[in-house]
Amino acid sequence: MTADAFIFWFLSLITLGSALSVMLLANPVYSALSLVMTMVGISALFVTLGAYFIAGVQLIVYAGAVMVLFVMVLMLFDLRAELQAFSRGQISGALKLATVGALAGLIGGALLLSAGNVAEPSMAEAAKLPPDASKALGIVLFTRHIFGFEALGVLLLVIAIGTVALARAKGGTHAKH
Amino acid sequence: MGQDIFEIVVNGLKLIVIFLLMVQAVPILVWVERRGSAFIQNRLGPNRVGPLGLLQLLADAVKFLTKEDMLPNQAVRFLFYAAPVTALIPGVIAYCAIPLGTPISIEAFEMFGRSWGPYVFPMQGFDIGVGIVFVLGVSSLAAYTILMAGWGSGNKFSLMGALRASAQMISYELALGLSIVGIIMLYGTFNLTEMINAQQGALTYSAFGHQLAIPALPNWGLFYQPLGFILFFAATFAEANRLPFDLAEGEAELVAGFHTEYGGFKMLMFFIGEYAHMMIACGLVVTFFFGGYLVPYMTPEQVQSWVATWASSPNAVSAWTSVIHLLSYFVKFAFFMWFFIWVRWTLPRFRYDQLMDLGWKTMLPWALANTILTALVVYFAHTIK
């Protein structure tokens with residue numbers, strides 16, 4: 001086994017393992033922390049593909065900001081009720097298992113069906129990229145995909161304004177209920 | 001990591017040396033902090049153990065190691081023990097990406113009956129193309145440490161401290177990230193080594209095809225981005241949870257914040273993590289705004305040609321050049337570390353609403369203004385001739 005293959009399998013194992021534990025752990029805080037590990041694992045996989053900029057952004061945005069908020073909010077909850085809700089009821093449990101199974105089947109089926117059609121990515125090809133491909137990425141983003149980029153920006157602005165409006169409507173941070 | 005076994009071993013050793021350097025610097029910094037605070041407050045500080053109290057560090061280390069390992073009743077065992085370890089890791093990994101000196105090049109040589117090719121070893125843990133994105137990404141993981149410690153302790157003071165601290169870190173990360181967009185646009189690169197190389201020689205402004213040279217000043221980023229420097233440096237204080245932004249601890253209201261329940265060596269690891277964040281902050285400030293490892297007014301080539309007048313072999317020339325730059329880096333670095341300590345013992349703590357106002361309503365708009373202004377200047381001054 002070459003070093004590249006070893007690193008790939010090792011990182012995949014960590015990423016998939018922590019992704020699984022997001023669903024399998026009963027405690028929501030542990031689930032959220034596992035999701036953080038998944039994000040870090042994905043970022044490391046991006047590094048092995050030579051996509052350093054995406055890897056860094058993945059860390060800053062998802063692991064560093066979005067998930068911190070998730071974990072923070074979860075830590076404010078009374079988790080005993082959550083734990084009970086998770087482990088209560090056989091019918092809902094069976095439903096959850098069935099949903100997870102269906103999703104896993106879908107992903108697995110998609111992978112199997114497309115296995116022959118997709119060219120296998122090679123490490124040698126990734127190594128040919130310049131070490132800092134962010135310039136090319138920026139040029140593509142601001143020329144070919146400018147509409148999508150701007151649309152996303154508008155969407156985020158709408159979300160930000162909506163959040164502020166919702167929070168203000170209830171009296172903001174100093175609400176007296 | 002490298003082409004052959006020699007390069008891999010040297011690169012591996014470099015990582016270990018940088019880690020040890022950071023960990024070993026902490027006791028000295030603690031000593032500087034205690035003596036410095038005493039000096040500022042007109043006291044003596046620790047001066048009983050050894051010359052100038054220097055052996056106090058050893059005594060403290062022994063005390064930390066021999067203290068009882070305590071687990072609070074309500075604590076979550078795994079998170080409680082994992083938090084101090086994770087405090088250490090992001091800081092150390094991020095610091096490894098900061099260049100400390102010019103690369104050392106070694107010519108081809110014979111060893112163990114085979115020839116080993118010429119090597120170039122950068123004076124940093126690893127040279128990553130998108131240096132600054134990587135450093136910010138990895139060091140932003142530090143927020144989890146605080147959350148894990150605060151929640152895992154099963155103590156309301158810890159949890160409150162952790163929530164405050166992580167809210168603060170997220171808020172200031174925004175200002176921190178925006179304040180360096182200007183410098184990234186100016187140098188046109190994410191790579192820290194390229195940024196440093198752009199700051200060689202004497203100060204030279206160039207705009208509309210004209211050049212204005214000011215030989216009395218070095219060509220540092222500070223003179224291009226003064227506002228960016230102030231915003232960035234202030235935001236790093238908040239990121240490192242240092243006074244005047246140490247709401248995470250706030251010992252007057254929260255006992256000691258997220259590390260209330262920690263003692264002994266676990267506490268020490270949090271300390272090392274905090275100092276690691278200070279080191280990253282100082283390393284980045286030096287790299288962006290003070291020419292990194294460059295000797296002021298001189299280019300690396302000038303230093304190298306000066307070294308070549310007395311050093312014998314090409315390997316020695318390269319090594320001594322690197323050592324001189326390393327020293328230059330450490331002088332600047334030490335000044336900013338002292339600045340952190342100086343500020344801690346000079347300014348009072350912010351109130352929490354003041355902290356949030358400063359982050360969101362003052363620093364963020366100024367950072368945005370700085371970004372837009374820099375973009376306009378870079379676009380018009382450097383494209384229209």
# chains A, B, ... in the order shown; residues from 1 in each chain; ligands from 1
$ interface_residues --of "chain A" --to "chain B" --cutoff "7 Å" --atoms "only C-alpha atoms" --output "PyMOL selection string"
chain A and resi 52-53+56-57+59-60+63-65+68+72+75+131-132
$ write_last_selection --atoms "C-alpha atoms" --output "JSON list (two decimals), in the first residue's frame"
[["chain", "number", "residue", "atom", "x", "y", "z"],
["A", 52, "TYR", "CA", -5.98, 23.58, -0.18],
["A", 53, "PHE", "CA", -8.21, 26.64, -0.44],
["A", 56, "GLY", "CA", -9.17, 25.91, 4.58],
["A", 57, "VAL", "CA", -12.56, 27.42, 3.84],
["A", 59, "LEU", "CA", -12.44, 24.48, 8.25],
["A", 60, "ILE", "CA", -13.17, 28.19, 8.74],
["A", 63, "ALA", "CA", -15.95, 23.55, 11.51],
["A", 64, "GLY", "CA", -14.98, 26.98, 12.84],
["A", 65, "ALA", "CA", -18.25, 28.90, 12.69],
["A", 68, "VAL", "CA", -19.60, 26.14, 16.95],
["A", 72, "MET", "CA", -23.24, 26.22, 21.68],
["A", 75, "MET", "CA", -25.19, 22.97, 25.35],
["A", 131, "PRO", "CA", -0.07, 24.66, -5.03],
["A", 132, "ASP", "CA", -2.28, 27.73, -4.86]]
$ select_by_dssp --residues "region 141-305 of chain B" --states "helix (DSSP H, G or I)" --output "PyMOL selection string"
chain B and resi 142-152+156-179+181-187+192-197+221-223+226-239+251-254+257-259+264-289+300-305
$ write_last_selection --atoms "C-alpha atoms" --output "tab-separated table (two decimals), in the first residue's frame"
chain	number	residue	atom	x	y	z
B	142	ALA	CA	-10.01	26.31	19.40
B	143	ALA	CA	-13.59	27.35	20.19
B	144	TYR	CA	-14.50	23.68	20.71
B	145	THR	CA	-11.91	23.29	23.41
B	146	ILE	CA	-13.62	25.93	25.48
B	147	LEU	CA	-17.09	24.55	24.81
B	148	MET	CA	-15.99	21.01	25.64
B	149	ALA	CA	-14.33	22.13	28.83
B	150	GLY	CA	-17.25	24.29	29.88
B	151	TRP	CA	-19.96	21.74	29.20
B	152	GLY	CA	-17.92	18.75	30.28
B	156	LYS	CA	-22.72	26.45	35.62
B	157	PHE	CA	-19.85	28.92	35.93
B	158	SER	CA	-17.82	26.86	33.51
B	159	LEU	CA	-20.70	26.65	31.05
B	160	MET	CA	-21.38	30.40	31.23
B	161	GLY	CA	-17.73	31.16	30.72
B	162	ALA	CA	-17.59	28.78	27.78
B	163	LEU	CA	-20.67	30.27	26.12
B	164	ARG	CA	-19.36	33.78	26.53
B	165	ALA	CA	-15.96	32.82	25.25
B	166	SER	CA	-17.20	31.02	22.17
B	167	ALA	CA	-19.65	33.79	21.30
B	168	GLN	CA	-16.77	36.23	21.61
B	169	MET	CA	-14.46	34.13	19.45
B	170	ILE	CA	-17.06	33.79	16.67
B	171	SER	CA	-17.82	37.53	16.74
B	172	TYR	CA	-14.20	38.59	16.53
B	173	GLU	CA	-13.27	35.96	13.95
B	174	LEU	CA	-15.30	38.01	11.49
B	175	ALA	CA	-13.42	41.23	12.19
B	176	LEU	CA	-10.16	39.29	12.23
B	177	GLY	CA	-10.81	37.72	8.85
B	178	LEU	CA	-11.96	40.98	7.25
B	179	SER	CA	-9.09	43.04	8.63
B	181	VAL	CA	-8.43	40.97	3.40
B	182	GLY	CA	-6.75	44.32	2.68
B	183	ILE	CA	-3.30	42.89	3.16
B	184	ILE	CA	-4.16	39.82	1.07
B	185	MET	CA	-5.34	42.05	-1.79
B	186	LEU	CA	-2.27	44.23	-1.50
B	187	TYR	CA	0.17	41.34	-1.79
B	192	LEU	CA	2.95	33.83	4.05
B	193	THR	CA	6.44	33.48	2.54
B	194	GLU	CA	5.42	35.47	-0.55
B	195	MET	CA	3.90	38.14	1.69
B	196	ILE	CA	7.19	38.45	3.55
B	197	ASN	CA	9.15	38.63	0.31
B	221	GLY	CA	2.85	46.18	5.58
B	222	LEU	CA	2.18	48.45	8.54
B	223	PHE	CA	2.73	51.53	6.35
B	226	PRO	CA	-2.30	50.93	9.41
B	227	LEU	CA	-6.03	50.49	10.06
B	228	GLY	CA	-5.82	46.81	9.17
B	229	PHE	CA	-3.00	46.43	11.69
B	230	ILE	CA	-4.94	48.04	14.53
B	231	LEU	CA	-8.08	45.99	13.81
B	232	PHE	CA	-6.18	42.75	13.37
B	233	PHE	CA	-4.10	43.17	16.51
B	234	ALA	CA	-7.15	44.10	18.60
B	235	ALA	CA	-9.10	41.12	17.25
B	236	THR	CA	-6.27	38.73	18.09
B	237	PHE	CA	-6.52	39.80	21.73
B	238	ALA	CA	-10.15	38.69	21.65
B	239	GLU	CA	-9.29	35.46	19.83
B	251	GLU	CA	-12.63	35.83	37.64
B	252	ALA	CA	-14.63	38.48	39.46
B	253	GLU	CA	-17.96	37.13	38.12
B	254	LEU	CA	-17.34	33.59	36.92
B	257	GLY	CA	-14.75	30.64	33.54
B	258	PHE	CA	-14.40	27.46	31.54
B	259	HIS	CA	-11.42	26.12	33.48
B	264	GLY	CA	-2.74	20.54	37.88
B	265	PHE	CA	-1.44	19.45	34.52
B	266	LYS	CA	-4.80	19.78	32.73
B	267	MET	CA	-4.86	23.46	33.71
B	268	LEU	CA	-1.29	23.80	32.44
B	269	MET	CA	-2.34	22.45	29.06
B	270	PHE	CA	-5.02	25.14	28.80
B	271	PHE	CA	-2.30	27.64	29.63
B	272	ILE	CA	-0.09	26.30	26.87
B	273	GLY	CA	-3.02	26.51	24.47
B	274	GLU	CA	-3.65	30.14	25.40
B	275	TYR	CA	0.00	31.04	24.95
B	276	ALA	CA	0.04	29.13	21.67
B	277	HIS	CA	-2.73	31.41	20.44
B	278	MET	CA	-0.74	34.44	21.52
B	279	MET	CA	2.25	33.08	19.61
B	280	ILE	CA	0.18	32.55	16.45
B	281	ALA	CA	-1.21	36.08	16.80
B	282	CYS	CA	2.28	37.57	17.20
B	283	GLY	CA	3.65	35.44	14.37
B	284	LEU	CA	0.90	36.63	12.05
B	285	VAL	CA	1.23	40.29	13.07
B	286	VAL	CA	4.96	40.13	12.42
B	287	THR	CA	4.41	38.36	9.10
B	288	PHE	CA	1.72	40.69	7.78
B	289	PHE	CA	2.78	44.06	9.09
B	300	PRO	CA	17.78	38.35	2.07
B	301	GLU	CA	20.26	38.55	-0.83
B	302	GLN	CA	22.13	41.39	0.86
B	303	VAL	CA	22.31	39.43	4.10
B	304	GLN	CA	23.47	36.38	2.22
B	305	SER	CA	26.24	38.26	0.40
$ atom_distance --atom1 "CA of Thr143 (chain A)" --atom2 "CA of Phe380 (chain B)"
20.1 Å
$ closest_residue --among "A:Ala5, A:Val29, A:Leu152, A:Met37" --to "Phe77 (chain A)" --atoms "only C-alpha atoms"
A:Val29
$ residues_around --residues "region 7-10 of chain A" --least-positions-apart "5" --cutoff "12 Å" --atoms "only C-alpha atoms" --output "list in words"
Met1, Thr2, Thr15, Leu16, Gly17, Gly41, Ile42, Ala44, Leu45, Phe46, Val47, Thr48, Leu49, Ser122 and Met123 of chain A
$ residues_around --residues "Arg77 (chain B)" --least-positions-apart "3" --cutoff "12 Å" --atoms "only C-alpha atoms" --output "ChimeraX atom specification"
/B:70-74,80-83,148-149,151-154
$ atom_distance --atom1 "CA of Arg114 (chain B)" --atom2 "CA of Gly101 (chain B)"
29.8 Å
